[in-house]
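What follows is a set of notes on a single structure, which appears directly below.
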Amino acid sequence: MSIHDTAILDDAGHWRSRDLHVLWHPCTQMREHPDVLPLVPIERGEGAWLVGRDGRRYLDAVSSWWTNLFGHAEPRIAQAIAKQALTLEQVILAGFSHAPAVELAEKLLAIAPREPGRASLAKVFYADNGSAGVEVALKMAFHWFRNRGEDKRSKFVALANGYHGETIGALSVGDIPLYRRVYAPLLAEALFAPSPDSYVAEPGETAAECAERAADGLREIIERHAGEICALILEPRVQCAGGMRMHDPLYLRRARELCDAHGVFLIADEIAVGFGRTGTLFASEQSGVQPDLLCLSKGLTGGFLPLAAVLATQTIYDGFLDDSRERAFLHSHSYTGNPLACAAALATLSIFDADDVLARNRATASRMTELAAPLAELPHVADVRQAGMILAFELTQGGDKRTPFDPSLRIGLRAYRAALERGVVLRPLGDTLYWMPPYCIDDDQLLLLAHTTRDTIIEATACA
Ligand code: PMP
């Protein structure tokens, strides 16, 4: 090792210790740093790579918490932000307007899912992260009924195994025990309908039959609480944080029909699955469904800046028009519609056109299918499932769907470390490993990902 190499390693160590001195990291038991969990100081990103301060390169197979679409430091988005920063970096959006906010709203409304015979989504409300976007949608649905004097409509229906963020309102409609349990006393009551997750289909049941059965459960809840529910919130097609559990598009169709029949708003949370992630620009399109409220974030800015957009129908918007300020929608984040974030989102949307991203994703997704197929034969792989650019491996003790690993084995953590040592960022959800790479991932990188995943699974499950 040369003096130069030693200096680089010292630099990484230096940042590690400075970090642990002052930072509190998200979703982390800080006690596990640095011995159980390595802390990786990153210096820069290049396409699908993250480059550490020690010079090591890591393939970002989880798109930095599912935000990145076209690679790190994508120059077109970076330049759009820089240009905007030299013009207007921020302005209060109450009483003021600016071109990036208007243009982005116009573009989002033009590409939003549509359903024949249904008036299209008509207005955009901005927030500054996914959870805040969910809060906006929940409050809008609730407040709309209040404004009509329908005070009994105060309940939300959500799905078992769903996730919508971790602020108190968003957490109230989430069902992931790890995030929810300890805060349960603080949360608003929600009604949880069965998940349409086809991984838990009954023996012999197809994904569509499983979706129908879950829809029957939803019907029961909506009928039992008729007149008390303001909205149903769900993640179309994939329950991402719930372990990349996927369901048949038929479910959303049924959910739409039930909402229509009972005057309940349908909130589609496409924060993780929007912007081409599952094959279509929006996952709702696969069901031919247009929601009443559509929540977008994460990939909206290509993974550059926090921003959320909530798209609403004209009917919802009109329900707030009145002489009273209290009947106006009351939600005001300081950075609502931040010009830099809007500029990043506009640049992101123009890349979809310029690079024919959906066609490229189709090719990448089928290569992912091909490369994942042999891994399905590994002894502990119980399921390999895919929706476009999301592909997940369910690991179990017996390699079947009945015998999960003893959680104390921490298979997911073992896999995380094994992959990281090999230069790939896989961040399992429990014992579910998944690929959710930036769309720019190339064939060599996919091959590396597949080989590493194989070695990772073998190493992580060797203890079982
Ligand atoms: N909804 C879904 C479906 C998500 O996956 C997430 C983030 N994982 C959120 C909401 C919350 O977004 P944020 O982390 O930006 O608050």
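Ordering of the structure tokens sets the chain letters (A, B, ...); residue numbers start at 1 within each chain; ligands are numbered from 1 in the order shown.
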
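Listed by chain and then residue number, the contacts of ligand 1 are Trp65, Asn129, Gly130, Ser131, Ala132, Val134, Tyr163, His164, Gly165, Glu166, Glu235, Cys240, Ala241, Asp269, Glu270, Ile271, Ala272, Ser297 and Lys298 of chain A (distance at most 7 Å, using only C-alpha atoms and all ligand atoms).
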
Quick one: residues within 12 Å of Glu202 (chain A), only C-alpha atoms counted, chain neighbours fewer than 3 positions away excluded, as a CSV table (one decimal) with C-alpha atoms, in the first residue's frame?
chain,number,residue,atom,x,y,z
A,196,PRO,CA,-53.9,-8.2,-2.3
A,197,ASP,CA,-50.3,-9.4,-2.1
A,198,SER,CA,-50.0,-12.4,-4.4
A,199,TYR,CA,-47.1,-13.8,-2.4
A,205,GLU,CA,-55.1,-19.4,-6.3
A,206,THR,CA,-54.0,-17.1,-9.2
A,207,ALA,CA,-52.8,-13.5,-8.5
A,208,ALA,CA,-56.1,-12.2,-10.0
A,209,GLU,CA,-58.1,-14.5,-7.7
A,210,CYS,CA,-56.1,-13.4,-4.7
A,211,ALA,CA,-56.8,-9.7,-5.7
A,213,ARG,CA,-60.5,-12.1,-2.6
A,214,ALA,CA,-58.7,-9.0,-1.1
A,401,LYS,CA,-43.4,-19.8,1.6
A,402,ARG,CA,-44.1,-21.3,5.0

Alpha helix (DSSP H) call set, DSSP backbone run, region 234-325 of chain A, as a ChimeraX atom specification:
/A:250-262,314-318

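A straight line drawn from CA of Asp216 (chain A) to CA of Gly430 (chain A) is 28.7 Å long.
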
Once you count only C-alpha atoms, what closest atom pair and distance in Å to one decimal does each residue of region 346-370 of chain A within 10 Å of region 67-71 of chain A have, with rows by chain and rising residue number, as a tab-separated table?
residue	atom	partner	partner_atom	distance
A:Thr348	CA	A:Phe70	CA	8.4
A:Ile351	CA	A:Phe70	CA	8.5
A:Phe352	CA	A:Phe70	CA	9.6
A:Val357	CA	A:Phe70	CA	9.3

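Each of A:Arg385, A:Ala170, A:Pro339, A:Ile176 was checked against Gln90 (chain A) using only C-alpha atoms; the smallest atom-to-atom distance is that of A:Pro339.
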
Name all residues at most 10 Å from Gly242 (chain A) (count only C-alpha atoms; drop same-chain ones fewer than 2 positions away) and give them as an NGL selection string.
:A and (160-163 or 174-177 or 197 or 238-240 or 244-246 or 429-430 or 432)

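With CA of Gly95 (chain A) on one side and CA of Ala309 (chain A) on the other, the separation reads 18.5 Å.
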
Name the residues in contact with Arg146 (chain A) at a cut-off of 10 Å, using only C-alpha atoms, excluding same-chain residues fewer than 5 positions from it; report them as a ChimeraX atom specification.
/A:140-141,151-154,230,319-320,327

Requested write-out: N, CA, C and O atoms of the selected residues, as a short mmCIF file (atom, residue, chain, number, x, y, z; two decimals), in the first residue's frame:
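Below is the file result.cif, written as the result:
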data_model
loop_
_atom_site.label_atom_id
_atom_site.label_comp_id
_atom_site.auth_asym_id
_atom_site.auth_seq_id
_atom_site.Cartn_x
_atom_site.Cartn_y
_atom_site.Cartn_z
N MET A 140 -56.74 16.77 2.56
CA MET A 140 -57.65 17.27 1.51
C MET A 140 -58.94 16.46 1.47
O MET A 140 -60.04 17.02 1.38
N ALA A 141 -58.79 15.12 1.52
CA ALA A 141 -59.97 14.25 1.43
C ALA A 141 -60.89 14.53 2.62
O ALA A 141 -62.11 14.70 2.48
N ASP A 151 -69.63 15.63 8.34
CA ASP A 151 -68.63 15.48 9.42
C ASP A 151 -68.37 14.04 9.82
O ASP A 151 -67.35 13.73 10.43
N LYS A 152 -69.29 13.17 9.49
CA LYS A 152 -69.09 11.76 9.88
C LYS A 152 -68.01 11.09 9.02
O LYS A 152 -67.47 10.05 9.38
N ARG A 153 -67.72 11.68 7.89
CA ARG A 153 -66.72 11.06 6.99
C ARG A 153 -65.32 11.44 7.47
O ARG A 153 -64.70 12.38 6.96
N SER A 154 -64.82 10.71 8.44
CA SER A 154 -63.51 11.07 9.00
C SER A 154 -62.54 9.90 9.00
O SER A 154 -61.43 10.02 9.50
N CYS A 230 -63.72 8.73 4.37
CA CYS A 230 -63.48 9.78 3.37
C CYS A 230 -62.58 9.29 2.24
O CYS A 230 -62.75 9.73 1.11
N GLY A 319 -64.37 22.06 -4.03
CA GLY A 319 -64.95 21.91 -2.69
C GLY A 319 -64.32 22.84 -1.65
O GLY A 319 -64.79 22.91 -0.51
N PHE A 320 -63.25 23.52 -2.02
CA PHE A 320 -62.57 24.43 -1.09
C PHE A 320 -62.81 25.89 -1.43
O PHE A 320 -62.34 26.79 -0.74
N ARG A 327 -62.29 27.37 5.10
CA ARG A 327 -62.68 26.37 4.11
C ARG A 327 -61.62 26.22 3.02
O ARG A 327 -61.73 25.35 2.16
#
